[in-house]
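> Pasting data_12.csv below, which is CSV, C-alpha atoms.
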```csv
chain,number,residue,atom,x,y,z
A,1,MET,CA,33.3,-46.3,-128.6
A,2,PHE,CA,37.0,-46.7,-128.9
A,3,GLY,CA,39.2,-47.4,-125.8
A,4,SER,CA,41.7,-44.9,-124.6
A,5,SER,CA,45.2,-45.2,-126.0
A,6,PRO,CA,48.2,-46.1,-123.8
A,7,THR,CA,49.5,-42.5,-124.3
A,8,ASP,CA,46.3,-41.0,-122.8
A,9,ALA,CA,46.4,-43.4,-119.8
A,10,PHE,CA,50.0,-42.5,-119.2
A,11,GLU,CA,49.1,-38.8,-119.3
A,12,GLN,CA,46.3,-39.2,-116.8
A,13,LYS,CA,48.6,-41.0,-114.4
A,14,ALA,CA,51.2,-38.3,-114.9
A,15,GLN,CA,48.6,-35.6,-114.0
A,16,LYS,CA,47.5,-37.4,-110.9
A,17,LEU,CA,51.2,-37.7,-109.9
A,18,ARG,CA,51.8,-34.0,-110.4
A,19,ARG,CA,48.7,-33.1,-108.3
A,20,ALA,CA,49.9,-35.4,-105.6
A,21,VAL,CA,53.4,-33.8,-105.7
A,22,GLU,CA,51.8,-30.3,-105.6
A,23,ARG,CA,49.7,-31.2,-102.6
A,24,ALA,CA,52.7,-32.6,-100.8
A,25,ARG,CA,54.8,-29.5,-101.6
A,26,MET,CA,52.0,-27.1,-100.3
A,27,GLN,CA,51.7,-29.2,-97.1
A,28,PHE,CA,55.5,-29.0,-96.6
A,29,LEU,CA,55.4,-25.2,-97.2
A,30,GLN,CA,52.6,-24.8,-94.7
A,31,LYS,CA,54.7,-26.6,-92.0
A,32,THR,CA,58.1,-24.9,-92.7
A,33,ARG,CA,57.3,-21.3,-93.8
A,34,PRO,CA,58.4,-18.5,-91.5
A,35,GLN,CA,55.9,-16.8,-89.2
A,36,SER,CA,56.5,-13.4,-90.8
A,37,THR,CA,55.0,-14.4,-94.1
A,38,THR,CA,51.9,-16.3,-95.0
A,39,ARG,CA,50.8,-18.0,-98.2
A,40,THR,CA,47.4,-19.4,-99.0
A,41,SER,CA,46.9,-23.0,-100.1
A,42,GLY,CA,45.0,-21.9,-103.2
A,43,VAL,CA,46.5,-21.8,-106.7
A,44,LEU,CA,47.5,-18.3,-107.7
A,45,THR,CA,48.0,-18.5,-111.4
A,46,GLY,CA,48.2,-22.2,-112.4
A,47,SER,CA,51.7,-21.4,-113.8
A,48,TYR,CA,55.3,-21.6,-112.8
A,49,PHE,CA,54.6,-18.4,-110.8
A,50,ASP,CA,53.1,-20.6,-108.1
A,51,TYR,CA,56.4,-22.3,-107.5
A,52,LEU,CA,58.1,-19.1,-106.4
A,53,PRO,CA,58.8,-18.8,-102.7
A,54,VAL,CA,56.4,-16.6,-100.8
A,55,GLU,CA,59.2,-14.3,-99.7
A,56,LEU,CA,60.1,-13.6,-103.3
A,57,ILE,CA,56.4,-12.8,-104.2
A,58,ILE,CA,56.3,-10.4,-101.3
A,59,ASN,CA,59.5,-8.7,-102.5
A,60,ILE,CA,57.9,-8.3,-105.9
A,61,CYS,CA,54.9,-6.6,-104.3
A,62,CYS,CA,57.1,-4.3,-102.3
A,63,GLU,CA,58.9,-3.2,-105.5
A,64,THR,CA,55.5,-2.6,-107.2
A,65,ASP,CA,53.3,0.5,-107.1
A,66,TRP,CA,50.7,0.3,-104.3
A,67,ARG,CA,47.9,0.8,-106.8
A,68,ALA,CA,49.0,-2.3,-108.7
A,69,VAL,CA,49.0,-4.3,-105.5
A,70,THR,CA,45.4,-3.2,-104.7
A,71,ARG,CA,44.4,-4.2,-108.2
A,72,LEU,CA,46.2,-7.5,-107.7
A,73,ARG,CA,43.9,-8.3,-104.7
A,74,LEU,CA,40.9,-8.2,-107.1
A,75,VAL,CA,42.3,-10.8,-109.4
A,76,SER,CA,41.3,-13.9,-107.3
A,77,CYS,CA,40.6,-15.0,-103.8
A,78,ALA,CA,44.1,-16.6,-103.6
A,79,PHE,CA,45.8,-13.3,-104.4
A,80,LYS,CA,43.6,-11.4,-102.0
A,81,ASP,CA,44.4,-13.8,-99.2
A,82,LEU,CA,48.1,-13.6,-100.0
A,83,VAL,CA,48.2,-9.8,-99.9
A,84,ASP,CA,46.0,-9.5,-96.9
A,85,ALA,CA,48.0,-12.0,-94.9
A,86,ASN,CA,51.2,-10.1,-95.6
A,87,GLU,CA,50.0,-6.5,-96.0
A,88,SER,CA,51.8,-5.2,-92.9
A,89,THR,CA,55.1,-6.4,-94.3
A,90,ILE,CA,54.4,-5.0,-97.7
A,91,ALA,CA,53.2,-1.6,-96.4
A,92,THR,CA,56.2,-1.2,-94.1
A,93,ARG,CA,58.6,-1.9,-97.0
A,94,TRP,CA,56.8,0.8,-99.1
A,95,MET,CA,57.8,3.5,-96.5
A,96,VAL,CA,61.3,4.2,-97.6
A,97,PRO,CA,63.3,6.2,-94.9
A,98,GLY,CA,63.4,9.9,-95.8
A,99,SER,CA,60.3,9.7,-98.0
A,100,TYR,CA,57.2,11.8,-97.5
A,101,LEU,CA,55.3,8.6,-96.4
A,102,ALA,CA,57.9,7.9,-93.7
A,103,LEU,CA,57.4,11.5,-92.4
A,104,LEU,CA,53.6,11.2,-92.5
A,105,SER,CA,53.7,7.8,-90.7
A,106,GLN,CA,55.4,9.6,-87.8
A,107,LEU,CA,52.6,12.1,-87.6
A,108,PHE,CA,49.7,9.8,-88.2
A,109,TYR,CA,50.0,6.5,-86.4
A,110,PRO,CA,48.9,3.2,-88.0
A,111,PRO,CA,45.8,1.4,-86.7
A,112,ARG,CA,46.1,-1.2,-84.0
A,113,SER,CA,46.2,-4.8,-85.1
A,114,LYS,CA,42.9,-6.7,-85.4
A,115,SER,CA,44.5,-9.8,-83.8
A,116,GLY,CA,44.0,-8.2,-80.3
A,117,ASP,CA,47.7,-7.8,-79.3
A,118,GLY,CA,47.4,-4.0,-79.4
A,119,VAL,CA,50.4,-3.5,-81.7
A,120,ARG,CA,50.2,-0.8,-84.4
A,121,ARG,CA,50.8,-2.3,-87.8
A,122,PRO,CA,50.6,-0.4,-91.1
A,123,THR,CA,48.1,-1.7,-93.6
A,124,ILE,CA,47.4,-1.0,-97.3
A,125,GLN,CA,44.3,1.0,-96.3
A,126,TYR,CA,46.5,3.0,-93.9
A,127,PHE,CA,49.0,3.6,-96.7
A,128,TYR,CA,46.2,4.8,-98.9
A,129,GLY,CA,45.2,7.2,-96.2
A,130,LEU,CA,48.7,8.6,-96.1
A,131,GLU,CA,48.7,9.0,-99.8
A,132,LYS,CA,45.4,11.0,-99.6
A,133,ARG,CA,46.8,13.3,-96.9
A,134,HIS,CA,49.9,13.9,-99.1
A,135,ASN,CA,47.8,14.7,-102.1
A,136,THR,CA,45.6,17.1,-100.1
A,137,CYS,CA,48.6,18.9,-98.7
A,138,SER,CA,50.4,19.1,-102.1
A,139,GLN,CA,47.2,20.4,-103.9
A,140,LEU,CA,46.7,23.0,-101.2
A,141,ALA,CA,50.3,24.0,-101.4
A,142,TYR,CA,50.0,24.5,-105.1
A,143,TYR,CA,46.9,26.7,-104.7
A,144,LEU,CA,48.7,28.9,-102.1
A,145,CYS,CA,51.9,29.2,-104.1
A,146,ASP,CA,50.0,30.0,-107.3
A,147,LYS,CA,48.0,32.8,-105.7
A,148,ALA,CA,51.2,34.3,-104.2
A,149,ILE,CA,53.6,33.9,-107.2
A,150,ALA,CA,51.2,34.5,-110.1
A,151,PRO,CA,51.1,38.3,-109.5
A,152,MET,CA,54.9,38.5,-109.8
A,153,TYR,CA,54.8,37.3,-113.4
A,154,ARG,CA,52.0,39.6,-114.6
A,155,THR,CA,52.8,42.4,-116.9
A,156,GLN,CA,50.9,45.4,-118.2
A,157,PHE,CA,52.6,45.3,-121.6
A,158,THR,CA,51.8,43.1,-124.5
A,159,ILE,CA,54.6,40.5,-125.0
A,160,ASN,CA,55.1,38.0,-127.8
A,161,ARG,CA,54.3,34.4,-127.5
A,162,LYS,CA,57.8,33.3,-126.8
A,163,ASP,CA,58.2,35.6,-123.8
A,164,ARG,CA,54.8,34.5,-122.5
A,165,GLU,CA,55.9,30.9,-122.6
A,166,GLU,CA,59.2,31.7,-120.9
A,167,ALA,CA,57.3,33.6,-118.2
A,168,LYS,CA,54.9,30.7,-117.7
A,169,LEU,CA,57.8,28.2,-117.5
A,170,LYS,CA,59.5,30.3,-114.9
A,171,LYS,CA,56.3,30.7,-112.9
A,172,ASP,CA,55.6,27.0,-112.9
A,173,GLN,CA,59.2,26.3,-111.8
A,174,ALA,CA,59.0,28.8,-109.0
A,175,ILE,CA,55.6,27.3,-107.9
A,176,ARG,CA,57.0,23.7,-107.8
A,177,THR,CA,60.1,24.8,-105.9
A,178,VAL,CA,58.1,26.4,-103.1
A,179,GLN,CA,55.3,23.8,-103.3
A,180,ARG,CA,57.7,21.0,-102.2
A,181,LYS,CA,58.7,23.0,-99.1
A,182,LEU,CA,55.3,24.1,-98.2
A,183,THR,CA,53.8,20.6,-98.6
A,184,LYS,CA,56.0,19.3,-95.8
A,185,GLN,CA,55.0,22.3,-93.6
A,186,LEU,CA,51.3,21.5,-94.2
A,187,TYR,CA,51.9,17.9,-93.0
A,188,PHE,CA,52.4,19.4,-89.5
A,189,VAL,CA,49.5,21.8,-89.9
A,190,LEU,CA,47.2,18.9,-90.8
A,191,HIS,CA,48.6,16.8,-87.9
A,192,PHE,CA,47.9,19.7,-85.4
A,193,LEU,CA,44.4,20.5,-86.7
A,194,THR,CA,43.4,16.8,-86.8
A,195,TYR,CA,44.6,15.7,-83.4
A,196,SER,CA,43.6,18.8,-81.5
A,197,ARG,CA,40.0,18.3,-82.7
A,198,LEU,CA,40.0,14.6,-82.0
A,199,ARG,CA,41.4,15.0,-78.5
A,200,LEU,CA,38.8,17.7,-77.7
A,201,GLU,CA,36.0,15.4,-78.8
A,202,ALA,CA,37.5,12.6,-76.7
A,203,ASN,CA,37.7,14.9,-73.6
A,204,LYS,CA,34.2,16.3,-73.9
A,205,ALA,CA,32.7,13.4,-72.0
A,206,ALA,CA,35.3,13.8,-69.2
A,207,LEU,CA,34.7,17.5,-69.0
A,208,ALA,CA,30.9,17.0,-68.9
A,209,ALA,CA,31.4,14.5,-66.0
A,210,GLU,CA,33.6,17.0,-64.1
A,211,ASN,CA,31.0,19.8,-64.6
A,212,SER,CA,27.9,17.7,-64.1
A,213,ASP,CA,26.2,20.5,-62.0
A,214,GLU,CA,26.5,23.0,-64.8
A,215,PRO,CA,26.4,22.6,-68.6
A,216,LEU,CA,29.6,23.1,-70.6
A,217,THR,CA,30.0,26.6,-71.9
A,218,PRO,CA,32.0,27.8,-74.9
A,219,SER,CA,34.6,29.2,-72.5
A,220,ASP,CA,35.1,25.8,-70.9
A,221,LEU,CA,35.6,24.1,-74.2
A,222,ASN,CA,38.0,26.9,-75.4
A,223,SER,CA,40.1,26.5,-72.3
A,224,ALA,CA,40.3,22.7,-72.8
A,225,TYR,CA,41.0,23.3,-76.5
A,226,LEU,CA,43.8,25.7,-75.7
A,227,SER,CA,45.3,23.2,-73.2
A,228,ILE,CA,45.2,20.4,-75.8
A,229,GLN,CA,46.8,22.6,-78.4
A,230,SER,CA,49.6,23.5,-76.0
A,231,SER,CA,50.3,19.9,-75.3
A,232,ILE,CA,50.6,19.1,-79.0
A,233,ILE,CA,52.8,22.1,-79.7
A,234,SER,CA,55.1,21.1,-76.9
A,235,THR,CA,56.1,18.0,-79.0
A,236,PHE,CA,57.4,20.3,-81.8
A,237,ASP,CA,61.0,21.3,-82.0
A,238,ASN,CA,61.8,24.9,-82.6
A,239,GLN,CA,62.2,24.7,-86.4
A,240,THR,CA,58.9,22.7,-86.7
A,241,LEU,CA,57.1,25.2,-84.5
A,242,ILE,CA,58.3,28.2,-86.5
A,243,SER,CA,57.7,26.6,-89.9
A,244,THR,CA,54.2,25.5,-88.9
A,245,HIS,CA,53.5,28.9,-87.5
A,246,HIS,CA,54.4,30.6,-90.7
A,247,ALA,CA,52.5,28.0,-92.8
A,248,LEU,CA,49.3,28.6,-90.8
A,249,HIS,CA,49.8,32.4,-91.2
A,250,PHE,CA,50.3,31.9,-94.9
A,251,LEU,CA,47.2,29.7,-95.2
A,252,VAL,CA,44.9,32.0,-93.1
A,253,ASN,CA,45.9,35.2,-94.7
A,254,SER,CA,45.6,33.8,-98.2
A,255,ILE,CA,42.0,32.8,-97.4
A,256,ARG,CA,41.4,36.3,-95.9
A,257,LEU,CA,42.7,38.0,-99.0
A,258,SER,CA,40.7,35.8,-101.3
A,259,MET,CA,37.5,36.4,-99.3
A,260,SER,CA,38.1,40.2,-98.7
A,261,PRO,CA,40.5,41.7,-101.2
A,262,GLU,CA,39.7,45.1,-99.9
A,263,PRO,CA,40.4,46.2,-96.2
A,264,PRO,CA,39.4,45.1,-93.7
A,265,HIS,CA,40.7,41.7,-94.7
A,266,LYS,CA,39.5,40.1,-91.4
A,267,GLN,CA,35.8,40.7,-91.8
A,268,ASN,CA,35.1,37.0,-92.7
A,269,ASP,CA,37.3,35.6,-89.9
A,270,GLU,CA,34.4,33.6,-88.5
A,271,LEU,CA,34.2,31.5,-91.7
A,272,VAL,CA,37.9,31.0,-91.6
A,273,ALA,CA,37.8,29.9,-88.0
A,274,ILE,CA,35.1,27.3,-88.9
A,275,ILE,CA,37.2,26.0,-91.8
A,276,LEU,CA,40.1,25.4,-89.4
A,277,ARG,CA,37.7,23.5,-87.0
A,278,CYS,CA,36.2,21.2,-89.7
A,279,HIS,CA,36.5,17.5,-89.7
A,280,MET,CA,38.8,17.7,-92.8
A,281,PRO,CA,40.1,21.3,-92.6
A,282,LEU,CA,42.7,21.2,-95.4
A,283,ASN,CA,40.2,19.5,-97.7
A,284,ARG,CA,37.8,22.4,-97.1
A,285,CYS,CA,40.6,24.8,-97.9
A,286,VAL,CA,41.3,23.0,-101.2
A,287,GLU,CA,37.6,23.2,-102.0
A,288,PHE,CA,37.6,26.9,-101.2
A,289,PHE,CA,40.5,27.7,-103.5
A,290,ALA,CA,39.0,25.5,-106.3
A,291,ALA,CA,35.7,27.4,-106.1
A,292,ASP,CA,37.6,30.7,-105.9
A,293,CYS,CA,39.6,30.1,-109.1
A,294,PRO,CA,38.7,32.3,-112.1
A,295,GLY,CA,36.1,30.5,-114.3
A,296,ALA,CA,35.0,28.1,-111.6
A,297,PRO,CA,31.4,27.0,-112.1
A,298,TRP,CA,28.8,28.6,-110.0
A,299,GLY,CA,27.6,25.2,-108.8
A,300,LEU,CA,31.0,24.5,-107.2
A,301,LYS,CA,30.8,27.7,-105.2
A,302,LYS,CA,27.2,27.0,-104.2
A,303,GLN,CA,28.1,23.5,-103.1
A,304,PHE,CA,31.0,24.9,-101.0
A,305,MET,CA,28.7,27.4,-99.2
A,306,GLN,CA,26.2,24.7,-98.5
A,307,ASP,CA,28.8,22.4,-97.1
A,308,MET,CA,30.1,25.3,-94.9
A,309,GLU,CA,26.6,25.8,-93.5
A,310,GLU,CA,26.7,22.2,-92.4
A,311,GLU,CA,30.2,22.5,-91.0
A,312,ARG,CA,29.1,25.5,-89.1
A,313,ALA,CA,26.3,23.7,-87.4
A,314,ASP,CA,28.5,20.8,-86.6
A,315,ALA,CA,31.2,23.1,-85.2
A,316,GLU,CA,28.7,24.9,-83.0
A,317,ASN,CA,27.4,21.6,-81.6
A,318,LYS,CA,31.0,20.5,-80.8
A,319,PHE,CA,32.6,23.8,-79.7
A,320,GLY,CA,29.6,25.9,-78.7
A,321,GLY,CA,28.8,24.0,-75.5
A,322,ALA,CA,25.5,22.8,-74.1
A,323,ALA,CA,24.0,26.2,-74.5
A,324,ALA,CA,24.3,25.9,-78.3
A,325,LEU,CA,22.5,22.6,-78.2
A,326,ARG,CA,19.7,24.0,-76.2
A,327,ARG,CA,19.3,26.9,-78.6
A,328,SER,CA,19.2,24.5,-81.5
A,329,SER,CA,16.5,22.4,-79.9
A,330,SER,CA,14.4,25.3,-78.7
A,331,GLY,CA,13.8,26.5,-82.2
A,332,HIS,CA,15.5,29.9,-81.9
A,333,SER,CA,16.7,31.4,-85.1
A,334,ARG,CA,20.0,30.6,-86.6
A,335,GLU,CA,21.0,34.3,-86.6
A,336,ALA,CA,20.4,34.5,-82.8
A,337,SER,CA,22.6,31.4,-82.4
A,338,ARG,CA,25.4,33.0,-84.4
A,339,ARG,CA,25.5,36.0,-82.2
A,340,LYS,CA,25.9,33.8,-79.1
A,341,TRP,CA,28.8,31.7,-80.5
A,342,SER,CA,31.4,33.5,-82.5
A,343,PRO,CA,34.5,31.5,-83.2
A,344,LYS,CA,37.8,33.4,-83.6
A,345,VAL,CA,40.8,32.5,-85.8
A,346,THR,CA,43.2,33.1,-82.9
A,347,GLU,CA,41.6,30.3,-80.9
A,348,VAL,CA,43.1,27.8,-83.3
A,349,TRP,CA,46.9,27.6,-83.0
A,350,PHE,CA,47.8,31.2,-82.7
A,351,GLU,CA,47.1,31.8,-79.0
A,352,ALA,CA,48.9,28.6,-78.0
A,353,ALA,CA,51.7,29.2,-80.4
A,354,LYS,CA,52.2,32.8,-79.1
A,355,VAL,CA,52.8,31.4,-75.6
A,356,ALA,CA,55.1,28.7,-76.8
A,357,LEU,CA,57.2,31.1,-78.9
A,358,ALA,CA,57.6,33.4,-75.9
A,359,GLN,CA,58.6,30.6,-73.6
A,360,ARG,CA,61.3,29.5,-76.2
A,361,GLY,CA,62.6,33.0,-76.8
A,362,LEU,CA,61.4,33.1,-80.4
A,363,GLN,CA,59.4,36.3,-80.1
A,364,GLU,CA,60.8,37.6,-83.4
A,365,HIS,CA,58.6,35.2,-85.2
A,366,LYS,CA,55.4,36.5,-83.6
A,367,PRO,CA,54.5,39.2,-86.2
A,368,ASP,CA,51.8,38.3,-88.6
A,369,GLY,CA,54.2,37.7,-91.5
A,370,VAL,CA,52.8,35.8,-94.4
A,371,TYR,CA,55.2,35.8,-97.4
A,372,PHE,CA,58.0,38.1,-98.5
A,373,PHE,CA,59.1,38.9,-102.0
A,374,PRO,CA,62.7,39.9,-102.4
A,375,GLU,CA,62.7,42.1,-105.4
A,376,CYS,CA,66.1,41.1,-106.6
A,377,SER,CA,65.6,37.3,-106.8
A,378,GLN,CA,61.8,37.1,-107.0
A,379,GLU,CA,61.9,34.3,-104.4
A,380,LEU,CA,58.9,33.3,-102.3
A,381,LEU,CA,59.7,32.9,-98.6
A,382,ILE,CA,57.2,31.4,-96.2
A,383,GLY,CA,57.4,33.4,-93.0
A,384,CYS,CA,58.1,36.8,-91.7
A,385,PRO,CA,60.6,39.1,-93.4
A,386,GLY,CA,64.1,38.0,-92.8
A,387,CYS,CA,63.1,34.5,-91.8
A,388,LYS,CA,64.6,32.0,-94.3
A,389,LEU,CA,63.7,28.6,-93.0
A,390,LYS,CA,64.4,25.8,-95.5
```
If you convert what's in this file into structure tokens, what do you get?

Amino acid sequence: MFGSSPTDAFEQKAQKLRRAVERARMQFLQKTRPQSTTRTSGVLTGSYFDYLPVELIINICCETDWRAVTRLRLVSCAFKDLVDANESTIATRWMVPGSYLALLSQLFYPPRSKSGDGVRRPTIQYFYGLEKRHNTCSQLAYYLCDKAIAPMYRTQFTINRKDREEAKLKKDQAIRTVQRKLTKQLYFVLHFLTYSRLRLEANKAALAAENSDEPLTPSDLNSAYLSIQSSIISTFDNQTLISTHHALHFLVNSIRLSMSPEPPHKQNDELVAIILRCHMPLNRCVEFFAADCPGAPWGLKKQFMQDMEEERADAENKFGGAAALRRSSSGHSREASRRKWSPKVTEVWFEAAKVALAQRGLQEHKPDGVYFFPECSQELLIGCPGCKLK
């Protein structure tokens, strides 16, 4: 067995010296780093990347797509700890002022910090939730615009391929233009439907305690629901109130026309009312329009109807009062239960909005206007005729 050469011995001593220097450097960083950023003591890559200041690494993450950062967490425990320790800073930097994420963050608050100080701080999971809400609103806006605009570009005459392509291009451009405006309006629709439902569920225990002598009735819950809706609407300015009012009319009447193309269009309003009271109402609307598309598989439609049966039972337990619970437990038929509790579309938004519009002197926006097609420009306007909110 040959002895080690002087060169190998020197290399071993150099490696030990480098490790000692690295340990000393990491200890120094642990003592002197700012409180706003945190770096783990583990080795990230074993390369010169590890020598970068933690602030610079965070800036790199802030300039990177959030999907790439979530994948970065899966690389190693060191990267996971680094991202998790600074996720509030990273997620905040992602919300550029004026972007759709900044608007959504004002409507849906971030969770409270797990440290126990009660401060709301954005996290990557919260950011992911905002992205999902945006995608849902954007997809629903596309379905609504497509159903409204597509008939404008239909023709009874046979046209050549070039004309068809031009018509399709114009239709897609018109859909995208209105989709961007309608998506922002649906943010407020989702905000209203979500928080009105959550607040009612939170207040049910208090209502039951106040009415301990008698069980809650649907009338009691509807009165509380109307009061909660009015309090949420009071936080909207005039333009937000009007645009949200028109967006909800547009949504409801589009569903009505899809369910009942022939008059009376309101014959399935009970199902529409249940959709608006769902745990994820706009997601259900997207599922409805996806199942209603020409050529949609029968399994998709069947699944939607099954899900709506479950949503109906859940809504009846939450909004139907204690009487609905007794009927469910007593074994009475589902049809008898349906006759006892019949939700109305006007109970969601429209009654409360009608009062708010009257109080603010905006009665001209009360008519059930959905969308208006000026024949000259073929422009889609969300709202009542003459209302041109941008």
> Please determine, counting all atoms listed in the file, which residue among A:Ile274, A:Ile242, A:Met308, A:Leu144 has the shortest atom-to-atom distance to A:Glu364.
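Of all the options, A:Ile242 lies closest to A:Glu364.
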> By how many Å are atom CA of A:Trp94 and atom CA of A:Leu182 apart?
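That distance, rounded to one decimal, is 23.4 Å.
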> To one decimal place, how far is atom CA of A:Met305 from atom CA of A:Glu287 in Å?
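Answer for the atom CA of A:Met305 to atom CA of A:Glu287 separation: 10.2 Å.
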> With only C-alpha atoms as the basis for distance, which of A:Leu251, A:Ser231, A:Phe49, A:Ala315 is at the shortest distance from A:Val355?
A:Ser231
> Looking at A:Glu55, A:Glu270, A:Asp117, A:Glu166, which one is nearest to A:Thr89, with distances taken over all atoms listed in the file?
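With all atoms listed in the file as the atom set, the closest residue is A:Glu55.
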> In Å to one decimal, how far is atom CA of A:Ser138 from atom CA of A:Ala174?
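If I compute the distance from atom CA of A:Ala174 to atom CA of A:Ser138, I get 14.7 Å.
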> Which one of A:Glu165, A:Glu351, A:Asp50, A:Leu104 sits closest to A:Phe79 if you count all atoms listed in the file?
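For A:Phe79, the nearest of the candidates is A:Asp50.
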> Using all atoms listed in the file, which residue out of A:Asp314, A:Asp65, A:Asp307, A:Asp220 lies closest to A:Leu207?
A:Asp220
> Nearest to A:His246: which of A:Gln185, A:Leu276, A:Cys145, A:Pro110 is it, counting all atoms listed in the file?
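Result for the nearest residue to A:His246: A:Gln185.
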> Find the spatial neighbours of A:Thr64, counting all atoms listed in the file, within a cut-off of 10 Å - ignore same-chain residues fewer than 5 positions away - and output them as a list in words.
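In the requested form, the answer reads Ile58, Asn59, Val69, Ile90 and Trp94 of chain A.
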> Applying 9 Å and all atoms listed in the file, which residues near A:Asn222 remain after dropping the ones on its own chain fewer than 5 positions away? List them as a compact mmCIF listing (two decimals) with C-alpha atoms, keeping the file's coordinate frame.

```
# COMPACT_ATOMS: atom_id res chain seq x y z
CA THR A 217 30.00 26.60 -71.90
CA SER A 227 45.30 23.20 -73.20
CA PHE A 319 32.60 23.80 -79.70
CA GLU A 347 41.60 30.30 -80.90
```
> Within 10 Å of (46.5, 31.1, -108.1) (file coordinates; all atoms listed in the file), which protein or nucleic acid residues are there? I'd like them as JSON, numbers by chain.
{"A": [142, 143, 144, 145, 146, 147, 148, 149, 150, 151, 175, 289, 290, 292, 293, 294]}
> Save N, CA and C atoms of stretch 273-287 of chain A from the block above as a CSV table (one decimal), in the first residue's frame.

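Final output, out-v1.csv:
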```
chain,number,residue,atom,x,y,z
A,273,ALA,N,-80.9,29.5,-8.2
A,273,ALA,CA,-80.7,30.0,-6.8
A,273,ALA,C,-79.8,29.1,-6.0
A,274,ILE,N,-79.9,27.8,-6.2
A,274,ILE,CA,-79.0,26.9,-5.5
A,274,ILE,C,-77.6,27.0,-5.9
A,275,ILE,N,-77.4,27.2,-7.2
A,275,ILE,CA,-76.0,27.5,-7.7
A,275,ILE,C,-75.4,28.7,-7.1
A,276,LEU,N,-76.2,29.8,-6.9
A,276,LEU,CA,-75.6,31.0,-6.3
A,276,LEU,C,-75.3,30.8,-4.8
A,277,ARG,N,-75.9,29.8,-4.2
A,277,ARG,CA,-75.7,29.6,-2.7
A,277,ARG,C,-74.7,28.5,-2.5
A,278,CYS,N,-74.1,27.9,-3.5
A,278,CYS,CA,-73.1,26.9,-3.4
A,278,CYS,C,-71.9,27.3,-2.6
A,279,HIS,N,-71.1,26.3,-2.2
A,279,HIS,CA,-69.8,26.6,-1.5
A,279,HIS,C,-68.9,27.3,-2.5
A,280,MET,N,-68.9,26.9,-3.8
A,280,MET,CA,-68.0,27.5,-4.8
A,280,MET,C,-69.0,27.8,-6.0
A,281,PRO,N,-69.7,28.9,-5.9
A,281,PRO,CA,-70.8,29.2,-6.9
A,281,PRO,C,-70.2,29.4,-8.3
A,282,LEU,N,-69.2,30.1,-8.5
A,282,LEU,CA,-68.7,30.4,-9.9
A,282,LEU,C,-68.1,29.1,-10.5
A,283,ASN,N,-67.5,28.3,-9.6
A,283,ASN,CA,-67.0,27.0,-10.1
A,283,ASN,C,-68.2,26.1,-10.7
A,284,ARG,N,-69.3,26.2,-10.0
A,284,ARG,CA,-70.5,25.4,-10.4
A,284,ARG,C,-71.0,26.0,-11.7
A,285,CYS,N,-70.9,27.3,-11.9
A,285,CYS,CA,-71.3,28.0,-13.1
A,285,CYS,C,-70.5,27.5,-14.3
A,286,VAL,N,-69.1,27.5,-14.0
A,286,VAL,CA,-68.2,27.0,-15.1
A,286,VAL,C,-68.5,25.6,-15.5
A,287,GLU,N,-68.8,24.7,-14.5
A,287,GLU,CA,-69.2,23.3,-14.7
A,287,GLU,C,-70.5,23.2,-15.5
```
